[in-house]
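Okay, upload-v4.pdb is below, PDB, C-alpha atoms:
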```
ATOM      1  CA  MET A   2       0.000   0.000   0.000
ATOM      2  CA  PRO A   3       2.789   2.498   0.619
ATOM      3  CA  SER A   4       3.944   1.965  -2.932
ATOM      4  CA  ASN A   5       0.451   2.755  -4.207
ATOM      5  CA  ARG A   6       0.387   5.975  -2.185
ATOM      6  CA  GLU A   7       3.842   6.949  -3.472
ATOM      7  CA  GLY A   8       2.688   6.219  -6.972
ATOM      8  CA  LYS A   9      -0.298   8.577  -6.601
ATOM      9  CA  TRP A  10       1.916  11.402  -5.416
ATOM     10  CA  LYS A  11       4.442  10.687  -8.126
ATOM     11  CA  ASN A  12       1.711  10.688 -10.736
ATOM     12  CA  PHE A  13       0.272  13.912  -9.261
ATOM     13  CA  PHE A  14       3.595  15.768  -9.372
ATOM     14  CA  TRP A  15       4.325  14.594 -12.915
ATOM     15  CA  SER A  16       0.828  15.274 -14.191
ATOM     16  CA  ARG A  17       0.234  17.869 -16.892
ATOM     17  CA  TRP A  18      -1.957  20.025 -14.647
ATOM     18  CA  PHE A  19       0.608  20.247 -11.876
ATOM     19  CA  ILE A  20       3.456  21.046 -14.296
ATOM     20  CA  LEU A  21       1.256  23.645 -16.016
ATOM     21  CA  MET A  22       0.313  25.284 -12.700
ATOM     22  CA  ALA A  23       3.924  25.221 -11.466
ATOM     23  CA  GLY A  24       5.076  26.771 -14.761
ATOM     24  CA  ILE A  25       2.458  29.548 -14.519
ATOM     25  CA  LEU A  26       3.423  30.196 -10.896
ATOM     26  CA  LEU A  27       7.108  30.306 -11.863
ATOM     27  CA  ILE A  28       6.382  32.811 -14.650
ATOM     28  CA  LEU A  29       4.364  35.021 -12.255
ATOM     29  CA  VAL A  30       7.143  34.974  -9.651
ATOM     30  CA  ALA A  31       9.778  35.772 -12.295
ATOM     31  CA  PHE A  32       7.633  38.643 -13.632
ATOM     32  CA  ALA A  33       7.142  40.077 -10.121
ATOM     33  CA  PHE A  34      10.874  39.802  -9.427
ATOM     34  CA  GLY A  35      11.738  41.525 -12.717
ATOM     35  CA  ARG A  36       9.275  44.335 -12.014
ATOM     36  CA  ALA A  37      10.651  44.849  -8.500
ATOM     37  CA  TYR A  38      14.223  44.841  -9.837
ATOM     38  CA  TYR A  39      13.317  47.459 -12.469
ATOM     39  CA  ARG A  40      11.656  49.676  -9.843
ATOM     40  CA  ASP A  41      14.740  49.358  -7.653
ATOM     41  CA  TYR A  42      16.882  50.423 -10.626
ATOM     42  CA  LEU A  43      14.664  53.478 -11.244
ATOM     43  CA  VAL A  44      14.809  54.458  -7.569
ATOM     44  CA  GLY A  45      18.620  54.173  -7.649
ATOM     45  CA  GLN A  46      18.773  56.427 -10.720
ATOM     46  CA  GLU A  47      16.500  58.967  -9.025
ATOM     47  CA  ILE A  48      18.706  58.932  -5.925
ATOM     48  CA  LYS A  49      21.804  59.594  -8.063
ATOM     49  CA  ARG A  50      20.037  62.453  -9.861
ATOM     50  CA  LEU A  51      18.859  63.999  -6.609
ATOM     51  CA  GLN A  52      22.334  63.645  -5.069
ATOM     52  CA  SER A  53      23.902  65.495  -7.998
ATOM     53  CA  GLU A  54      21.200  68.180  -7.646
ATOM     54  CA  VAL A  55      22.035  68.497  -3.945
ATOM     55  CA  ASN A  56      25.749  68.894  -4.757
ATOM     56  CA  ARG A  57      24.974  71.525  -7.402
ATOM     57  CA  LEU A  58      22.720  73.454  -5.041
ATOM     58  CA  GLU A  59      25.294  73.302  -2.243
ATOM     59  CA  SER A  60      27.980  74.748  -4.498
ATOM     60  CA  LYS A  61      25.544  77.432  -5.655
ATOM     61  CA  LYS A  62      24.767  78.213  -2.015
ATOM     62  CA  LEU A  63      28.486  78.596  -1.248
ATOM     63  CA  GLU A  64      28.890  80.951  -4.216
ATOM     64  CA  THR A  65      25.885  82.955  -3.069
ATOM     65  CA  VAL A  66      27.280  83.217   0.461
ATOM     66  CA  GLU A  67      30.601  84.467  -0.958
ATOM     67  CA  VAL A  68      28.789  87.075  -3.058
ATOM     68  CA  LEU A  69      26.761  88.131  -0.019
ATOM     69  CA  LYS A  70      29.928  88.529   2.044
ATOM     70  CA  TYR A  71      31.466  90.662  -0.721
ATOM     71  CA  VAL A  72      28.333  92.804  -1.080
ATOM     72  CA  GLN A  73      28.346  93.457   2.662
ATOM     73  CA  SER A  74      32.049  94.344   2.691
ATOM     74  CA  PRO A  75      33.396  97.910   2.779
ATOM     75  CA  ALA A  76      35.282  97.290  -0.478
ATOM     76  CA  PHE A  77      32.019  96.758  -2.355
ATOM     77  CA  VAL A  78      30.455  99.859  -0.818
ATOM     78  CA  GLU A  79      33.522 101.890  -1.790
ATOM     79  CA  GLN A  80      33.485 100.517  -5.344
ATOM     80  CA  LYS A  81      29.788 101.354  -5.817
ATOM     81  CA  ALA A  82      30.289 104.825  -4.348
ATOM     82  CA  ARG A  83      33.185 105.490  -6.740
ATOM     83  CA  LEU A  84      31.559 104.091  -9.879
ATOM     84  CA  GLU A  85      27.906 104.986  -9.507
ATOM     85  CA  LEU A  86      27.978 108.057  -7.293
ATOM     86  CA  ASN A  87      31.297 109.514  -8.538
ATOM     87  CA  MET A  88      32.604 109.921  -4.998
ATOM     88  CA  VAL A  89      36.300 110.158  -4.054
ATOM     89  CA  LYS A  90      38.301 109.823  -0.882
ATOM     90  CA  PRO A  91      39.583 113.016   0.744
ATOM     91  CA  GLY A  92      42.869 114.063  -0.858
ATOM     92  CA  GLU A  93      42.331 112.149  -4.115
ATOM     93  CA  GLN A  94      42.329 113.850  -7.487
ATOM     94  CA  VAL A  95      39.936 112.889 -10.254
ATOM     95  CA  ALA A  96      40.955 112.606 -13.898
ATOM     96  CA  ILE A  97      38.070 112.620 -16.364
ATOM     97  CA  ILE A  98      38.774 111.093 -19.755
ATOM     98  CA  ASP A  99      36.117 111.413 -22.413
ATOM     99  CA  GLY A 100      35.887 109.371 -25.576
ATOM    100  CA  GLN A 101      37.544 111.834 -27.974
ATOM    101  CA  THR A 102      40.001 110.521 -30.558
ATOM    102  CA  GLU A 103      42.434 113.409 -30.195
ATOM    103  CA  TYR A 104      44.839 113.380 -27.292
ATOM    104  CA  GLN A 105      44.953 116.607 -25.386
ATOM    105  CA  ASN A 106      48.043 117.654 -23.516
ATOM    106  CA  THR A 107      49.242 120.989 -22.265
ATOM    107  CA  THR A 108      52.472 120.863 -24.280
ATOM    108  CA  GLY A 109      50.977 120.126 -27.699
ATOM    109  CA  GLN A 110      54.043 118.090 -28.685
ATOM    110  CA  ALA A 111      52.592 114.871 -27.349
ATOM    111  CA  THR A 112      49.401 115.489 -29.315
ATOM    112  CA  ALA A 113      51.327 115.936 -32.531
ATOM    113  CA  LYS A 114      53.348 112.752 -31.894
ATOM    114  CA  MET A 115      50.196 110.756 -31.185
ATOM    115  CA  LEU A 116      48.507 111.996 -34.357
ATOM    116  CA  GLU A 117      51.619 111.070 -36.344
ATOM    117  CA  PHE A 118      51.693 107.672 -34.619
ATOM    118  CA  ASN A 119      48.033 107.024 -35.513
ATOM    119  CA  LYS A 120      48.727 107.602 -39.207
ATOM    120  CA  LEU A 121      51.161 104.638 -39.298
ATOM    121  CA  SER A 122      50.076 101.128 -40.270
ATOM    122  CA  HIS A 123      49.056  98.844 -37.465
ATOM    123  CA  PRO A 124      52.083  96.482 -37.635
ATOM    124  CA  LEU A 125      54.410  99.474 -37.724
ATOM    125  CA  GLN A 126      52.663 100.927 -34.681
ATOM    126  CA  TRP A 127      53.295  97.690 -32.784
ATOM    127  CA  TRP A 128      56.928  97.635 -33.930
ATOM    128  CA  ARG A 129      57.459 101.160 -32.615
ATOM    129  CA  PHE A 130      55.599 100.359 -29.422
ATOM    130  CA  PHE A 131      57.837  97.394 -28.585
ATOM    131  CA  THR A 132      61.130  98.842 -29.813
ATOM    132  CA  GLY A 133      60.541 102.327 -28.385
ATOM    133  CA  ARG A 134      61.552 104.088 -31.619
TER     134      ARG A 134
END
```
Will you turn the file into structure tokens for me?
Amino acid sequence: MPSNREGKWKNFFWSRWFILMAGILLILVAFAFGRAYYRDYLVGQEIKRLQSEVNRLESKKLETVEVLKYVQSPAFVEQKARLELNMVKPGEQVAIIDGQTEYQNTTGQATAKMLEFNKLSHPLQWWRFFTGR
């Protein structure tokens, strides 16, 4: 009788229905595993992207802090006062240069030399500039 019972179980496990059901169950488990693996991959990619965004924002924050420190410094205030408000320190002299093409000098000789210099070709001007002739 034990051999008959073993035979029934053996026949059950090797039957078409059992193999079909086991195959379907195996396919479902493999599909679920593949889907979970793909989701894990997507989450890992999102973590990498967010980490790079955090690094970029931290460096931007450091740059912004440096700019804020400079804007709050006396050097920045002095630069803005000089450039935008045309202010000077006590004892300084201001030289105003406008965009004219002629060079004005009190002696007049320098003006004549500059006009003569400007009439030369560009390579010759550079040659005279470097050689001092």
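Relative to CA of Leu84 (chain A), CA of Ile98 (chain A) is found at 14.1 Å.
Across the model, the gap from CA of Trp15 (chain A) to CA of Leu27 (chain A) is 16.0 Å.
Here CA of Val44 (chain A) is placed at a distance of 27.0 Å from CA of Leu26 (chain A).
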So which residues touch Val72 (chain A) within 10 Å, counting all atoms listed in the file, skipping near sequence neighbours fewer than 6 positions away, as a compact mmCIF listing (two decimals) with C-alpha atoms, in the coordinates of the input?
```txt
# COMPACT_ATOMS: atom_id res chain seq x y z
CA VAL A 66 27.28 83.22 0.46
CA VAL A 78 30.46 99.86 -0.82
CA LYS A 81 29.79 101.35 -5.82
```
Write region 85-96 of chain A as a PDB file, in the frame of the given file, completed to all heavy atoms.
```pdb
ATOM      1  N   GLU A  85      29.267 104.537  -9.238  1.00  0.00           N
ATOM      2  CA  GLU A  85      27.906 104.986  -9.507  1.00  0.00           C
ATOM      3  C   GLU A  85      27.604 106.376  -8.964  1.00  0.00           C
ATOM      4  O   GLU A  85      26.785 107.090  -9.522  1.00  0.00           O
ATOM      5  CB  GLU A  85      26.911 103.970  -8.948  1.00  0.00           C
ATOM      6  CG  GLU A  85      26.987 102.641  -9.682  1.00  0.00           C
ATOM      7  CD  GLU A  85      26.010 101.618  -9.155  1.00  0.00           C
ATOM      8  OE1 GLU A  85      25.175 101.976  -8.290  1.00  0.00           O
ATOM      9  OE2 GLU A  85      26.084 100.469  -9.598  1.00  0.00           O
ATOM     10  N   LEU A  86      28.260 106.752  -7.885  1.00  0.00           N
ATOM     11  CA  LEU A  86      27.978 108.057  -7.293  1.00  0.00           C
ATOM     12  C   LEU A  86      29.094 109.065  -7.536  1.00  0.00           C
ATOM     13  O   LEU A  86      29.007 110.205  -7.070  1.00  0.00           O
ATOM     14  CB  LEU A  86      27.738 107.890  -5.785  1.00  0.00           C
ATOM     15  CG  LEU A  86      26.601 106.928  -5.409  1.00  0.00           C
ATOM     16  CD1 LEU A  86      26.545 106.764  -3.900  1.00  0.00           C
ATOM     17  CD2 LEU A  86      25.274 107.420  -5.958  1.00  0.00           C
ATOM     18  N   ASN A  87      30.161 108.652  -8.222  1.00  0.00           N
ATOM     19  CA  ASN A  87      31.297 109.514  -8.538  1.00  0.00           C
ATOM     20  C   ASN A  87      31.904 110.169  -7.296  1.00  0.00           C
ATOM     21  O   ASN A  87      32.256 111.343  -7.310  1.00  0.00           O
ATOM     22  CB  ASN A  87      30.902 110.586  -9.567  1.00  0.00           C
ATOM     23  CG  ASN A  87      30.499 109.973 -10.880  1.00  0.00           C
ATOM     24  OD1 ASN A  87      31.056 108.970 -11.293  1.00  0.00           O
ATOM     25  ND2 ASN A  87      29.505 110.561 -11.532  1.00  0.00           N
ATOM     26  N   MET A  88      32.025 109.408  -6.236  1.00  0.00           N
ATOM     27  CA  MET A  88      32.604 109.921  -4.998  1.00  0.00           C
ATOM     28  C   MET A  88      34.094 109.589  -4.952  1.00  0.00           C
ATOM     29  O   MET A  88      34.547 108.631  -5.580  1.00  0.00           O
ATOM     30  CB  MET A  88      31.887 109.331  -3.788  1.00  0.00           C
ATOM     31  CG  MET A  88      30.398 109.660  -3.740  1.00  0.00           C
ATOM     32  SD  MET A  88      29.607 108.880  -2.352  1.00  0.00           S
ATOM     33  CE  MET A  88      29.969 110.073  -1.097  1.00  0.00           C
ATOM     34  N   VAL A  89      34.867 110.385  -4.222  1.00  0.00           N
ATOM     35  CA  VAL A  89      36.300 110.158  -4.054  1.00  0.00           C
ATOM     36  C   VAL A  89      36.652 110.263  -2.583  1.00  0.00           C
ATOM     37  O   VAL A  89      35.913 110.837  -1.784  1.00  0.00           O
ATOM     38  CB  VAL A  89      37.132 111.179  -4.866  1.00  0.00           C
ATOM     39  CG1 VAL A  89      36.900 110.986  -6.343  1.00  0.00           C
ATOM     40  CG2 VAL A  89      36.822 112.588  -4.462  1.00  0.00           C
ATOM     41  N   LYS A  90      37.808 109.703  -2.250  1.00  0.00           N
ATOM     42  CA  LYS A  90      38.301 109.823  -0.882  1.00  0.00           C
ATOM     43  C   LYS A  90      38.903 111.212  -0.706  1.00  0.00           C
ATOM     44  O   LYS A  90      39.352 111.828  -1.674  1.00  0.00           O
ATOM     45  CB  LYS A  90      39.376 108.767  -0.606  1.00  0.00           C
ATOM     46  CG  LYS A  90      38.842 107.369  -0.470  1.00  0.00           C
ATOM     47  CD  LYS A  90      39.970 106.424  -0.124  1.00  0.00           C
ATOM     48  CE  LYS A  90      39.450 105.023   0.087  1.00  0.00           C
ATOM     49  NZ  LYS A  90      40.534 104.089   0.407  1.00  0.00           N
ATOM     50  N   PRO A  91      38.961 111.712   0.517  1.00  0.00           N
ATOM     51  CA  PRO A  91      39.583 113.016   0.744  1.00  0.00           C
ATOM     52  C   PRO A  91      41.062 112.973   0.340  1.00  0.00           C
ATOM     53  O   PRO A  91      41.784 112.043   0.665  1.00  0.00           O
ATOM     54  CB  PRO A  91      39.441 113.231   2.254  1.00  0.00           C
ATOM     55  CG  PRO A  91      38.329 112.337   2.677  1.00  0.00           C
ATOM     56  CD  PRO A  91      38.339 111.185   1.736  1.00  0.00           C
ATOM     57  N   GLY A  92      41.478 113.968  -0.422  1.00  0.00           N
ATOM     58  CA  GLY A  92      42.869 114.063  -0.858  1.00  0.00           C
ATOM     59  C   GLY A  92      43.120 113.433  -2.216  1.00  0.00           C
ATOM     60  O   GLY A  92      44.207 113.575  -2.764  1.00  0.00           O
ATOM     61  N   GLU A  93      42.155 112.743  -2.791  1.00  0.00           N
ATOM     62  CA  GLU A  93      42.331 112.149  -4.115  1.00  0.00           C
ATOM     63  C   GLU A  93      42.000 113.171  -5.192  1.00  0.00           C
ATOM     64  O   GLU A  93      41.216 114.091  -4.980  1.00  0.00           O
ATOM     65  CB  GLU A  93      41.401 110.943  -4.312  1.00  0.00           C
ATOM     66  CG  GLU A  93      41.850 109.696  -3.628  1.00  0.00           C
ATOM     67  CD  GLU A  93      40.944 108.520  -3.981  1.00  0.00           C
ATOM     68  OE1 GLU A  93      39.783 108.738  -4.381  1.00  0.00           O
ATOM     69  OE2 GLU A  93      41.413 107.404  -3.843  1.00  0.00           O
ATOM     70  N   GLN A  94      42.626 113.001  -6.344  1.00  0.00           N
ATOM     71  CA  GLN A  94      42.329 113.850  -7.487  1.00  0.00           C
ATOM     72  C   GLN A  94      41.647 113.004  -8.549  1.00  0.00           C
ATOM     73  O   GLN A  94      41.984 111.833  -8.737  1.00  0.00           O
ATOM     74  CB  GLN A  94      43.601 114.467  -8.051  1.00  0.00           C
ATOM     75  CG  GLN A  94      44.278 115.427  -7.092  1.00  0.00           C
ATOM     76  CD  GLN A  94      45.541 115.999  -7.688  1.00  0.00           C
ATOM     77  OE1 GLN A  94      45.943 115.642  -8.784  1.00  0.00           O
ATOM     78  NE2 GLN A  94      46.164 116.900  -6.952  1.00  0.00           N
ATOM     79  N   VAL A  95      40.704 113.605  -9.252  1.00  0.00           N
ATOM     80  CA  VAL A  95      39.936 112.889 -10.254  1.00  0.00           C
ATOM     81  C   VAL A  95      40.416 113.307 -11.635  1.00  0.00           C
ATOM     82  O   VAL A  95      40.596 114.486 -11.912  1.00  0.00           O
ATOM     83  CB  VAL A  95      38.425 113.196 -10.104  1.00  0.00           C
ATOM     84  CG1 VAL A  95      37.631 112.482 -11.173  1.00  0.00           C
ATOM     85  CG2 VAL A  95      37.945 112.794  -8.734  1.00  0.00           C
ATOM     86  N   ALA A  96      40.618 112.334 -12.498  1.00  0.00           N
ATOM     87  CA  ALA A  96      40.955 112.606 -13.898  1.00  0.00           C
ATOM     88  C   ALA A  96      39.791 112.106 -14.742  1.00  0.00           C
ATOM     89  O   ALA A  96      39.430 110.932 -14.699  1.00  0.00           O
ATOM     90  CB  ALA A  96      42.232 111.887 -14.289  1.00  0.00           C
TER      91      ALA A  96
END
```
